[in-house]
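*Asks:* Got a structure for you, my_file-v8.txt, holding compact mmCIF, C-alpha atoms.
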# COMPACT_ATOMS: atom_id res chain seq x y z
CA MET A 2 17.66 -4.09 -24.69
CA ALA A 3 16.71 -1.28 -22.39
CA ILE A 4 13.14 -0.25 -21.73
CA ILE A 5 11.69 1.88 -24.49
CA HIS A 6 9.99 5.10 -23.44
CA LEU A 7 6.94 5.34 -25.64
CA THR A 8 5.19 8.53 -26.68
CA LYS A 9 1.94 9.17 -28.54
CA ASP A 10 3.75 9.62 -31.84
CA GLY A 11 5.86 6.48 -31.84
CA PHE A 12 3.51 4.18 -29.96
CA ASP A 13 1.59 2.41 -32.72
CA LYS A 14 4.65 1.77 -34.83
CA ALA A 15 6.64 0.45 -31.86
CA VAL A 16 4.01 -2.12 -30.82
CA SER A 17 2.79 -3.04 -34.32
CA ASN A 18 4.74 -6.31 -34.55
CA GLY A 19 4.77 -9.23 -32.15
CA ILE A 20 4.36 -9.16 -28.38
CA SER A 21 4.68 -5.95 -26.40
CA MET A 22 4.37 -5.23 -22.69
CA VAL A 23 3.74 -1.60 -21.79
CA ASP A 24 3.96 -0.20 -18.26
CA PHE A 25 1.86 2.93 -17.61
CA TRP A 26 3.47 4.84 -14.75
CA ALA A 27 4.15 8.23 -13.18
CA SER A 28 6.80 9.73 -10.97
CA TRP A 29 4.36 10.44 -8.13
CA CYS A 30 3.42 6.81 -7.72
CA GLY A 31 5.36 4.68 -5.20
CA PRO A 32 4.10 1.32 -6.49
CA CYS A 33 5.23 2.34 -10.00
CA LYS A 34 8.75 2.90 -8.72
CA MET A 35 8.61 -0.56 -7.23
CA LEU A 36 7.70 -2.08 -10.55
CA SER A 37 10.40 -0.24 -12.43
CA PRO A 38 13.32 -2.63 -11.61
CA VAL A 39 11.07 -5.60 -12.49
CA MET A 40 10.34 -4.13 -15.92
CA GLU A 41 14.02 -3.36 -16.50
CA ASP A 42 14.93 -6.91 -15.60
CA LEU A 43 12.28 -8.31 -17.96
CA ALA A 44 13.37 -5.99 -20.76
CA GLY A 45 16.76 -7.70 -20.58
CA LYS A 46 15.39 -11.23 -20.26
CA TYR A 47 13.00 -10.90 -23.20
CA GLU A 48 15.34 -8.98 -25.45
CA GLY A 49 14.65 -9.76 -29.07
CA ARG A 50 11.43 -11.65 -28.21
CA ALA A 51 9.15 -8.97 -26.77
CA LEU A 52 9.11 -5.21 -26.59
CA VAL A 53 9.08 -3.84 -23.07
CA GLY A 54 7.97 -0.22 -22.98
CA LYS A 55 6.95 2.48 -20.55
CA VAL A 56 4.42 5.28 -20.86
CA ASN A 57 4.56 8.23 -18.48
CA VAL A 58 0.86 9.08 -17.99
CA ASP A 59 1.77 12.64 -17.02
CA ASP A 60 3.51 13.29 -20.32
CA GLU A 61 1.16 11.13 -22.39
CA PRO A 62 -2.40 11.73 -21.15
CA ASP A 63 -3.81 10.78 -24.56
CA LEU A 64 -2.29 7.30 -24.45
CA ALA A 65 -3.47 6.84 -20.86
CA ARG A 66 -6.99 7.81 -21.92
CA ARG A 67 -6.91 5.65 -25.03
CA PHE A 68 -6.08 2.59 -22.92
CA GLY A 69 -8.53 3.58 -20.17
CA VAL A 70 -5.83 3.57 -17.51
CA MET A 71 -7.62 4.21 -14.20
CA SER A 72 -4.98 3.15 -11.74
CA ILE A 73 -1.23 2.96 -11.99
CA PRO A 74 0.85 0.99 -12.46
CA THR A 75 -1.11 -0.71 -15.25
CA VAL A 76 0.75 -3.10 -17.53
CA VAL A 77 -0.87 -3.70 -20.91
CA PHE A 78 0.04 -6.66 -23.13
CA LEU A 79 -0.34 -6.31 -26.89
CA LYS A 80 0.00 -8.67 -29.84
CA ASP A 81 0.57 -6.98 -33.19
CA GLY A 82 -0.72 -3.76 -31.66
CA LYS A 83 -3.89 -5.24 -30.16
CA GLU A 84 -4.37 -5.50 -26.40
CA PHE A 85 -4.95 -9.05 -25.18
CA ASP A 86 -4.33 -8.79 -21.44
CA ARG A 87 -3.53 -6.32 -18.67
CA LYS A 88 -2.38 -6.35 -15.06
CA VAL A 89 -3.35 -3.54 -12.71
CA GLY A 90 -1.24 -2.86 -9.63
CA VAL A 91 2.14 -4.21 -8.62
CA MET A 92 2.50 -7.96 -9.00
CA PRO A 93 5.38 -10.36 -8.56
CA PRO A 94 7.54 -10.81 -11.68
CA ALA A 95 5.97 -14.22 -12.40
CA ALA A 96 2.60 -12.57 -13.07
CA TYR A 97 4.13 -10.82 -16.09
CA THR A 98 6.37 -13.62 -17.32
CA THR A 99 3.44 -16.07 -17.29
CA VAL A 100 1.54 -13.89 -19.75
CA LEU A 101 4.59 -13.32 -21.93
CA ASP A 102 5.62 -16.99 -21.98
CA ALA A 103 2.11 -18.16 -22.86
CA ASN A 104 2.04 -15.88 -25.89
CA LEU A 105 5.55 -16.11 -27.26
CA MET B 10 18.38 0.85 2.55
CA TYR B 11 17.40 -0.09 6.12
CA ASP B 12 18.00 -3.49 7.68
CA ALA B 13 14.36 -3.76 8.65
CA ALA B 14 11.04 -2.03 8.19
CA VAL B 15 8.36 -2.26 10.84
CA ILE B 16 4.85 -1.66 9.53
CA GLY B 17 2.81 -0.17 12.34
CA GLY B 18 3.72 2.21 15.15
CA GLY B 19 1.78 0.63 18.01
CA PRO B 20 3.22 -1.31 20.97
CA ALA B 21 4.10 -4.41 18.92
CA GLY B 22 5.85 -2.46 16.18
CA LEU B 23 7.77 -0.18 18.53
CA SER B 24 8.80 -3.12 20.70
CA ALA B 25 10.14 -4.96 17.64
CA ALA B 26 11.94 -1.80 16.49
CA VAL B 27 13.59 -1.30 19.89
CA GLN B 28 14.74 -4.91 19.89
CA LEU B 29 16.20 -4.58 16.39
CA ARG B 30 18.06 -1.44 17.48
CA ALA B 31 19.37 -3.25 20.56
CA ARG B 32 20.91 -5.74 18.16
CA GLY B 33 22.49 -2.95 16.11
CA LYS B 34 20.11 -3.02 13.14
CA SER B 35 18.81 0.07 11.33
CA VAL B 36 15.03 0.29 11.52
CA LEU B 37 12.32 2.33 9.86
CA VAL B 38 8.88 2.32 11.48
CA VAL B 39 6.13 3.24 9.05
CA SER B 40 2.81 4.14 10.60
CA GLY B 41 -0.34 6.03 9.83
CA ASP B 42 -1.85 8.91 11.76
CA SER B 43 -1.53 8.18 15.50
CA ARG B 44 -5.20 9.14 15.96
CA ASP B 45 -6.03 5.88 14.17
CA ASN B 46 -4.12 3.82 16.72
CA PRO B 47 -6.62 2.07 19.01
CA LEU B 48 -4.22 2.44 21.96
CA TYR B 49 -4.23 6.21 21.48
CA LYS B 50 -7.98 6.23 22.05
CA THR B 51 -7.96 3.99 25.14
CA GLN B 52 -8.97 5.95 28.23
CA ARG B 53 -7.53 3.77 30.92
CA ILE B 54 -5.28 0.73 31.09
CA ASP B 55 -4.82 -1.25 34.32
CA ASN B 56 -3.23 -4.47 33.08
CA TYR B 57 0.12 -3.33 31.71
CA LEU B 58 2.70 -4.29 34.30
CA GLY B 59 4.24 -1.34 36.09
CA PHE B 60 1.79 1.23 34.75
CA TYR B 61 -1.39 1.07 36.84
CA ASN B 62 -4.08 3.53 35.71
CA VAL B 63 -2.42 4.98 32.65
CA THR B 64 -4.08 6.39 29.52
CA GLY B 65 -3.37 4.70 26.20
CA GLY B 66 -2.12 7.99 24.78
CA GLU B 67 0.43 8.39 27.56
CA LEU B 68 1.66 4.83 27.21
CA LEU B 69 2.01 5.21 23.44
CA GLU B 70 3.92 8.46 23.87
CA ARG B 71 6.35 6.76 26.28
CA PHE B 72 6.84 3.89 23.83
CA ARG B 73 7.57 6.31 21.01
CA ALA B 74 10.01 8.37 23.08
CA HIS B 75 11.81 5.14 24.02
CA ALA B 76 12.04 4.06 20.38
CA ARG B 77 13.36 7.48 19.36
CA GLN B 78 16.03 7.35 22.07
CA MET B 79 17.15 4.02 20.66
CA GLY B 80 17.61 5.55 17.22
CA VAL B 81 14.50 4.14 15.57
CA GLU B 82 13.53 6.20 12.53
CA GLU B 83 9.88 6.95 11.85
CA LYS B 84 7.89 7.77 8.76
CA GLU B 85 4.22 8.65 8.58
CA GLY B 86 2.44 7.09 5.66
CA ARG B 87 0.40 4.22 4.36
CA VAL B 88 2.25 1.17 3.06
CA LEU B 89 0.54 0.11 -0.16
CA ASN B 90 2.60 -2.88 -1.28
CA ILE B 91 5.49 -5.01 -0.15
CA MET B 92 7.32 -7.00 -2.79
CA PRO B 93 10.06 -9.53 -2.09
CA MET B 94 12.76 -9.40 -4.75
CA ASN B 95 16.22 -10.99 -4.81
CA GLY B 96 16.53 -11.32 -1.04
CA THR B 97 15.23 -7.84 -0.24
CA PHE B 98 11.83 -6.24 0.09
CA TYR B 99 10.55 -3.19 -1.72
CA LEU B 100 7.94 -1.14 0.12
CA SER B 101 5.81 1.49 -1.52
CA ILE B 102 4.69 4.16 0.89
CA GLY B 103 2.43 6.66 -0.88
CA SER B 104 4.63 8.10 -3.62
CA GLU B 105 7.87 6.86 -2.04
CA LEU B 106 9.84 3.65 -2.20
CA GLU B 107 12.04 2.01 0.44
CA GLN B 108 14.18 -1.11 0.26
CA VAL B 109 14.81 -3.31 3.32
CA ARG B 110 16.11 -6.79 4.13
CA ALA B 111 13.48 -7.85 6.67
CA VAL B 112 9.91 -6.85 7.49
CA VAL B 113 7.95 -6.91 10.74
CA LEU B 114 4.20 -6.58 10.25
CA ALA B 115 2.53 -4.93 13.25
CA THR B 116 -0.48 -3.55 11.46
CA GLY B 117 -3.04 -4.02 14.21
CA VAL B 118 -6.35 -5.80 14.06
CA ALA B 119 -7.51 -6.92 10.64
CA ARG B 120 -9.98 -4.48 9.19
CA ALA B 121 -13.56 -5.21 8.29
CA ALA B 122 -14.54 -6.89 5.05
CA LYS B 123 -14.49 -5.09 1.72
CA TYR B 124 -17.49 -3.10 0.60
CA PRO B 125 -19.82 -4.58 -2.02
CA GLY B 126 -18.42 -3.80 -5.46
CA GLU B 127 -15.00 -2.83 -4.10
CA GLY B 128 -12.92 -5.85 -5.08
CA GLU B 129 -14.44 -6.17 -8.55
CA HIS B 130 -13.62 -2.55 -9.36
CA LEU B 131 -10.13 -2.35 -7.86
CA GLY B 132 -8.04 -0.74 -10.57
CA ALA B 133 -11.19 0.01 -12.57
CA GLY B 134 -12.15 3.09 -10.61
CA VAL B 135 -11.53 1.93 -7.06
CA SER B 136 -8.18 3.07 -5.68
CA TYR B 137 -6.46 2.95 -2.29
CA CYS B 138 -3.90 5.60 -3.19
CA ALA B 139 -4.92 9.21 -3.84
CA THR B 140 -1.36 10.31 -4.59
CA CYS B 141 -0.96 7.48 -7.13
CA ASP B 142 -4.17 7.74 -9.09
CA GLY B 143 -5.56 11.20 -8.32
CA MET B 144 -4.07 12.77 -11.44
CA LEU B 145 -5.97 10.31 -13.64
CA TYR B 146 -9.26 11.74 -12.34
CA ARG B 147 -8.65 15.45 -12.86
CA GLY B 148 -11.89 17.12 -13.93
CA LYS B 149 -13.91 14.04 -12.98
CA GLU B 150 -16.34 13.21 -10.19
CA VAL B 151 -14.75 11.15 -7.43
CA ALA B 152 -15.86 9.98 -4.00
CA VAL B 153 -13.50 9.65 -1.06
CA VAL B 154 -14.54 7.08 1.52
CA GLY B 155 -12.69 8.43 4.53
CA LEU B 156 -11.98 5.86 7.24
CA ALA B 157 -8.48 7.02 8.22
CA ALA B 158 -7.76 10.17 10.22
CA ASP B 159 -5.66 11.63 7.40
CA ALA B 160 -8.33 11.01 4.74
CA PRO B 161 -9.63 14.64 4.77
CA ARG B 162 -6.10 15.82 3.90
CA GLU B 163 -6.03 13.47 0.90
CA ALA B 164 -9.50 14.59 -0.17
CA ASN B 165 -8.33 18.22 0.00
CA TRP B 166 -5.38 17.36 -2.20
CA LEU B 167 -7.63 15.66 -4.78
CA LYS B 168 -9.76 18.81 -4.82
CA GLU B 169 -6.67 20.99 -5.29
CA ILE B 170 -5.47 19.03 -8.34
CA GLY B 171 -8.90 19.45 -9.95
CA CYS B 172 -11.01 16.42 -9.03
CA LYS B 173 -14.68 16.97 -8.22
CA VAL B 174 -14.67 15.47 -4.76
CA THR B 175 -17.48 14.27 -2.50
CA TYR B 176 -16.44 13.00 0.92
CA VAL B 177 -18.20 10.04 2.52
CA SER B 178 -17.50 8.91 6.07
CA PRO B 179 -19.26 7.40 9.09
CA ASN B 180 -17.93 10.19 11.33
CA PRO B 181 -17.73 13.96 10.77
CA PRO B 182 -14.44 14.73 8.96
CA ASP B 183 -11.83 16.80 10.76
CA GLY B 184 -10.00 19.30 8.54
CA LEU B 185 -11.98 18.86 5.32
CA ARG B 186 -12.14 21.90 3.01
CA PRO B 187 -15.54 23.58 3.40
CA ASP B 188 -16.10 23.51 -0.37
CA ILE B 189 -16.07 19.68 -0.41
CA PRO B 190 -19.56 18.25 0.15
CA ALA B 191 -19.57 15.64 2.93
CA ILE B 192 -22.05 12.81 3.35
CA LYS B 193 -22.39 10.86 6.58
CA ALA B 194 -22.73 7.15 5.80
CA GLY B 195 -21.32 3.96 7.24
CA LYS B 196 -22.53 1.60 4.55
CA VAL B 197 -21.37 2.15 1.00
CA GLU B 198 -21.54 0.17 -2.22
CA VAL B 199 -19.47 0.68 -5.34
CA LEU B 200 -21.68 0.66 -8.44
CA GLY B 201 -20.88 0.03 -12.07
CA GLY B 202 -20.25 -2.58 -14.75
CA GLN B 203 -16.73 -2.86 -16.17
CA THR B 204 -15.73 0.39 -14.51
CA VAL B 205 -17.05 2.47 -11.61
CA GLU B 206 -20.18 4.47 -12.34
CA GLY B 207 -21.20 5.55 -8.87
CA LEU B 208 -21.22 5.08 -5.13
CA ARG B 209 -24.22 4.34 -2.97
CA ALA B 210 -23.68 6.02 0.37
CA GLY B 211 -26.52 5.31 2.77
CA SER B 212 -29.63 6.50 0.96
CA THR B 213 -27.73 8.71 -1.52
CA THR B 214 -26.37 7.60 -4.89
CA LEU B 215 -23.42 9.61 -6.16
CA PRO B 216 -22.49 9.35 -9.83
CA CYS B 217 -18.69 9.17 -10.03
CA GLU B 218 -15.85 7.58 -12.01
CA GLY B 219 -13.44 7.12 -9.12
CA VAL B 220 -13.80 5.90 -5.54
CA PHE B 221 -10.85 6.37 -3.19
CA ILE B 222 -11.23 4.11 -0.16
CA LEU B 223 -8.81 5.32 2.50
CA ARG B 224 -8.53 2.98 5.45
CA PRO B 225 -5.98 3.38 8.26
CA SER B 226 -3.97 0.49 6.84
CA VAL B 227 -4.01 -1.94 3.95
CA ALA B 228 -4.84 -5.53 4.99
CA PRO B 229 -1.69 -7.69 5.34
CA ALA B 230 -2.76 -10.24 2.71
CA GLU B 231 -3.13 -7.42 0.19
CA LEU B 232 0.16 -5.83 1.18
CA LEU B 233 2.06 -9.04 0.61
CA PRO B 234 0.44 -11.41 -1.86
CA GLY B 235 0.91 -15.03 -0.77
CA LEU B 236 1.06 -14.27 2.96
CA GLU B 237 -0.73 -17.08 4.79
CA LEU B 238 -3.54 -16.24 7.17
CA GLU B 239 -5.46 -18.08 9.85
CA GLY B 240 -8.94 -16.64 9.78
CA ASN B 241 -8.42 -12.88 9.85
CA TYR B 242 -4.98 -13.11 11.42
CA ILE B 243 -1.47 -13.60 10.07
CA ARG B 244 -0.21 -17.15 10.60
CA VAL B 245 3.01 -17.14 12.66
CA ASP B 246 5.15 -19.70 14.45
CA ARG B 247 6.76 -19.50 17.90
CA ASN B 248 9.41 -17.19 16.44
CA MET B 249 6.72 -14.84 15.13
CA ALA B 250 7.89 -15.77 11.63
CA ALA B 251 5.21 -15.50 8.94
CA SER B 252 4.93 -17.79 5.91
CA ILE B 253 7.36 -15.73 3.79
CA PRO B 254 11.08 -15.87 4.78
CA GLY B 255 12.24 -12.57 6.25
CA VAL B 256 8.72 -11.54 7.24
CA PHE B 257 7.69 -11.51 10.91
CA ALA B 258 4.47 -10.40 12.56
CA ALA B 259 3.48 -9.25 16.03
CA GLY B 260 0.61 -7.80 18.00
CA ASP B 261 -3.08 -7.63 17.18
CA CYS B 262 -2.50 -8.72 13.56
CA THR B 263 -1.52 -12.20 14.78
CA GLY B 264 -4.58 -12.83 16.95
CA LEU B 265 -6.17 -12.61 20.37
CA PRO B 266 -5.86 -11.34 23.05
CA LEU B 267 -5.72 -7.76 21.77
CA GLN B 268 -3.67 -6.47 24.70
CA VAL B 269 -0.63 -4.23 25.10
CA SER B 270 1.46 -6.75 27.06
CA LYS B 271 0.93 -9.45 24.46
CA ALA B 272 1.81 -7.01 21.66
CA VAL B 273 5.00 -5.86 23.40
CA GLY B 274 6.03 -9.46 24.09
CA GLU B 275 5.42 -10.59 20.54
CA GLY B 276 7.18 -7.52 19.20
CA GLN B 277 10.19 -8.39 21.31
CA VAL B 278 10.33 -11.92 19.88
CA ALA B 279 9.72 -10.71 16.32
CA GLY B 280 12.46 -8.07 16.60
CA HIS B 281 14.88 -10.55 18.08
CA ARG B 282 14.24 -13.19 15.42
CA ALA B 283 14.31 -10.62 12.63
CA ALA B 284 17.76 -9.54 13.85
CA GLU B 285 18.90 -13.18 13.80
CA TYR B 286 17.51 -13.57 10.31
CA LEU B 287 19.46 -10.51 9.18
CA GLU B 288 22.67 -11.87 10.67
CA GLN B 289 22.41 -15.19 8.88
CA LEU B 290 21.95 -13.36 5.54
CA LYS B 291 25.54 -12.11 5.70
Now that the file is in, can you turn its structure into structure tokens?
*Replies:*
Amino acid sequence: MAIIHLTKDGFDKAVSNGISMVDFWASWCGPCKMLSPVMEDLAGKYEGRALVGKVNVDDEPDLARRFGVMSIPTVVFLKDGKEFDRKVGVMPPAAYTTVLDANL
Amino acid sequence: MYDAAVIGGGPAGLSAAVQLRARGKSVLVVSGDSRDNPLYKTQRIDNYLGFYNVTGGELLERFRAHARQMGVEEKEGRVLNIMPMNGTFYLSIGSELEQVRAVVLATGVARAAKYPGEGEHLGAGVSYCATCDGMLYRGKEVAVVGLAADAPREANWLKEIGCKVTYVSPNPPDGLRPDIPAIKAGKVEVLGGQTVEGLRAGSTTLPCEGVFILRPSVAPAELLPGLELEGNYIRVDRNMAASIPGVFAAGDCTGLPLQVSKAVGEGQVAGHRAAEYLEQLK
């Protein structure tokens, strides 16, 4: 499963069930570009078990504000639509898989 | 993709880059503003063999010209992160991304400790990258703590995109827009609970939601999580290899003495060993 690009309208429905991992990013952010292949890789590895999504903070300022994103990349983890963890800044892939594996 | 990236454009970095070129490797040297290079500011050097009574600026210019003649490519910018992935390294440089197979760290002497409140609020209002996070603070009060020579330029950019900027620095800023208030302070403290609420700069307290701390370079341990240190310096072996395979270090970032000859010598070893590392990858 490829990464899902989330927008304000579809967001709540998309993350309403199970575990989701959402990457808040923008095109003008080098570290975000670095994280992008990691997220794509994880989207494949966790296919069918977790939703891996991306939110462009430029296009979706309301979502960025709602989640209080103050630095990008920020990766937010949700269970049935509720945030339970987040990672700010670029981290090695294991930082994300640890959170996913502990909650799946 | 380049074979190697050298982080730092001082004598160690340029020496490593020249050595990598001599072994036929493609090299990108990423460095900040040359005014931040301590060698650039040195008035007189008498202990670099063959160059009695030379200014640091002149020596640095000769090193750079040499590197250019050898086909070393240069990029000005601040490296924010290095991430090893599947046998290569991704580097984020401001808003850009580069991929390389080996890295030589030549970042100079380790910077001073973090400010009070800085670490706790990293990502919660404290940022090291104006181009990354500036847009999230449009219409809001932000403080720029300017320690790098190019910090006024970044503060100007934040102002242009609509942030309400106050500039804080120990020295008078060069090139700051006149409509940005500047405060002279060496000691600052980031204030706030969960998120940033202000900055104490000397005797002034500025209410703000964002604090951009712009140092000449990001500390090596923050660039590359897991990199082993010895005190404030990067731990290296005789081959100038650091604790992560494919990562080498040279110059002031590896320890005393902080001298040009030592930096050039270590750079030579690091470049040589990095080239060997690259060859055994194939």
*Asks:* I'd like the contact shell of Thr97 in chain B - 12 Å cut-off, all atoms listed in the file, skipping same-chain residues fewer than 3 positions apart - returned as a PyMOL selection string.
*Replies:* chain B and resi 10-14+91-94+100+107-112+253-256+287+290
*Asks:* For CA of Ile4 in chain A and CA of Lys55 in chain A, quote the distance in Å rounded to one decimal.
*Replies:*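 Calculated distance between CA of Ile4 in chain A and CA of Lys55 in chain A is 6.9 Å.
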*Asks:* Can you work out which one of A:Pro74, A:Pro62, A:Gly69, A:Gly31 has the shortest atom-to-atom distance to chain B, counting only C-alpha atoms?
*Replies:*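 When distances to chain B are compared using only C-alpha atoms, the smallest one comes from A:Gly31.
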*Asks:* Show me, as a ChimeraX atom specification, the residues of chain B whose atoms get within 6 Å of chain A, using only C-alpha atoms for the distance check.
*Replies:* /B:101,103-106,132-134,141-142
*Asks:* Taking (-2.6, -2.0, -32.5) in the file's own coordinates, collect the residues within 7 Å, counting all atoms listed in the file, and hand them back as a list in words.
*Replies:*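 Looking at atoms near the point gives Asp13, Val16, Ser17, Asp81, Gly82 and Lys83 of chain A.
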*Asks:* Would you mind listing what lies within 8 Å of Phe221 in chain B as a PyMOL selection string, with all atoms listed in the file counted and same-chain residues fewer than 4 positions away left out?
*Replies:* chain B and resi 135-139+151-154
*Asks:* Separation of CA of Trp166 in chain B and CA of Asp188 in chain B, in Å?
*Replies:*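 For CA of Trp166 in chain B relative to CA of Asp188 in chain B, the distance reads 12.5 Å.
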*Asks:* By how many Å are CA of Gly19 in chain B and CA of Tyr61 in chain B apart?
*Replies:*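 If I compute the distance from CA of Gly19 in chain B to CA of Tyr61 in chain B, I get 19.1 Å.
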*Asks:* Neighbours of range 62-69 of chain B within 10 Å (only C-alpha atoms; same-chain residues fewer than 6 positions away dropped), as a ChimeraX atom specification?
*Replies:* /B:18-20,23,43-44,46-56,75,269
*Asks:* Do you know which residues are at most 7 Å from range 34-42 of chain B counting only C-alpha atoms, after dropping those on the same chain fewer than 3 positions away, and could you put them as a PDB file with C-alpha atoms, keeping the file's coordinate frame?
*Replies:*
ATOM      1  CA  TYR B  11      17.400  -0.090   6.120  1.00  0.00           C
ATOM      2  CA  ASP B  12      18.000  -3.490   7.680  1.00  0.00           C
ATOM      3  CA  ALA B  13      14.360  -3.760   8.650  1.00  0.00           C
ATOM      4  CA  ALA B  14      11.040  -2.030   8.190  1.00  0.00           C
ATOM      5  CA  VAL B  15       8.360  -2.260  10.840  1.00  0.00           C
ATOM      6  CA  ILE B  16       4.850  -1.660   9.530  1.00  0.00           C
ATOM      7  CA  GLY B  17       2.810  -0.170  12.340  1.00  0.00           C
ATOM      8  CA  GLY B  18       3.720   2.210  15.150  1.00  0.00           C
ATOM      9  CA  ALA B  26      11.940  -1.800  16.490  1.00  0.00           C
ATOM     10  CA  LEU B  29      16.200  -4.580  16.390  1.00  0.00           C
ATOM     11  CA  ARG B  30      18.060  -1.440  17.480  1.00  0.00           C
ATOM     12  CA  ASP B  45      -6.030   5.880  14.170  1.00  0.00           C
ATOM     13  CA  VAL B  81      14.500   4.140  15.570  1.00  0.00           C
ATOM     14  CA  GLU B  82      13.530   6.200  12.530  1.00  0.00           C
ATOM     15  CA  GLU B  83       9.880   6.950  11.850  1.00  0.00           C
ATOM     16  CA  LYS B  84       7.890   7.770   8.760  1.00  0.00           C
ATOM     17  CA  GLU B  85       4.220   8.650   8.580  1.00  0.00           C
ATOM     18  CA  GLY B  86       2.440   7.090   5.660  1.00  0.00           C
ATOM     19  CA  ARG B  87       0.400   4.220   4.360  1.00  0.00           C
ATOM     20  CA  ALA B 158      -7.760  10.170  10.220  1.00  0.00           C
ATOM     21  CA  ASP B 159      -5.660  11.630   7.400  1.00  0.00           C
ATOM     22  CA  PRO B 225      -5.980   3.380   8.260  1.00  0.00           C
ATOM     23  CA  ALA B 284      17.760  -9.540  13.850  1.00  0.00           C
TER      24      ALA B 284
END
*Asks:* Padding of 4 Å on every side, edges along x, y and z, all listed atoms of range 234-247 of chain B included: what centre and edge lengths in Å, to one decimal, does that box have, as JSON?
*Replies:*
{"center_x": -1.1, "center_y": -15.6, "center_z": 8.0, "size_x": 23.7, "size_y": 16.3, "size_z": 27.8}
*Asks:* I need the residue nearest Gly264 in chain B from this list: B:Gln28, B:Ser252, B:Thr116, B:Thr204. Use only C-alpha atoms for the distance.
*Replies:*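 Once distances to Gly264 in chain B are computed over only C-alpha atoms, the minimum belongs to B:Thr116.
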*Asks:* I'd like to know which of B:Tyr57, B:Phe98, B:Tyr242, B:Phe72 is closest to Ala230 in chain B, using all atoms listed in the file.
*Replies:*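 Going through B:Tyr57, B:Phe98, B:Tyr242, B:Phe72 one by one, the smallest distance to Ala230 in chain B is for B:Tyr242.
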*Asks:* Around (-2.1, -9.6, -20.0) in the file's own coordinates, what residues are found within 9 Å if you use only C-alpha atoms, given back as a PyMOL selection string?
*Replies:* chain A and resi 22+76-79+84-88+96-97+99-101
*Asks:* Using only C-alpha atoms, pick whichever of B:Ala74, B:Cys172, B:Leu233, B:Ile102 has the shortest atom-to-atom distance to Met144 in chain B.
*Replies:*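 Of all the options, B:Cys172 lies closest to Met144 in chain B.
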*Asks:* Compare B:Ala157, B:Ile243, B:Ala122, B:Val174 by their minimum atom-to-atom distance to Gly143 in chain B, counting all atoms listed in the file, and give me the closest one.
*Replies:*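 Comparing B:Ala157, B:Ile243, B:Ala122, B:Val174 against Gly143 in chain B, the winner is B:Val174.
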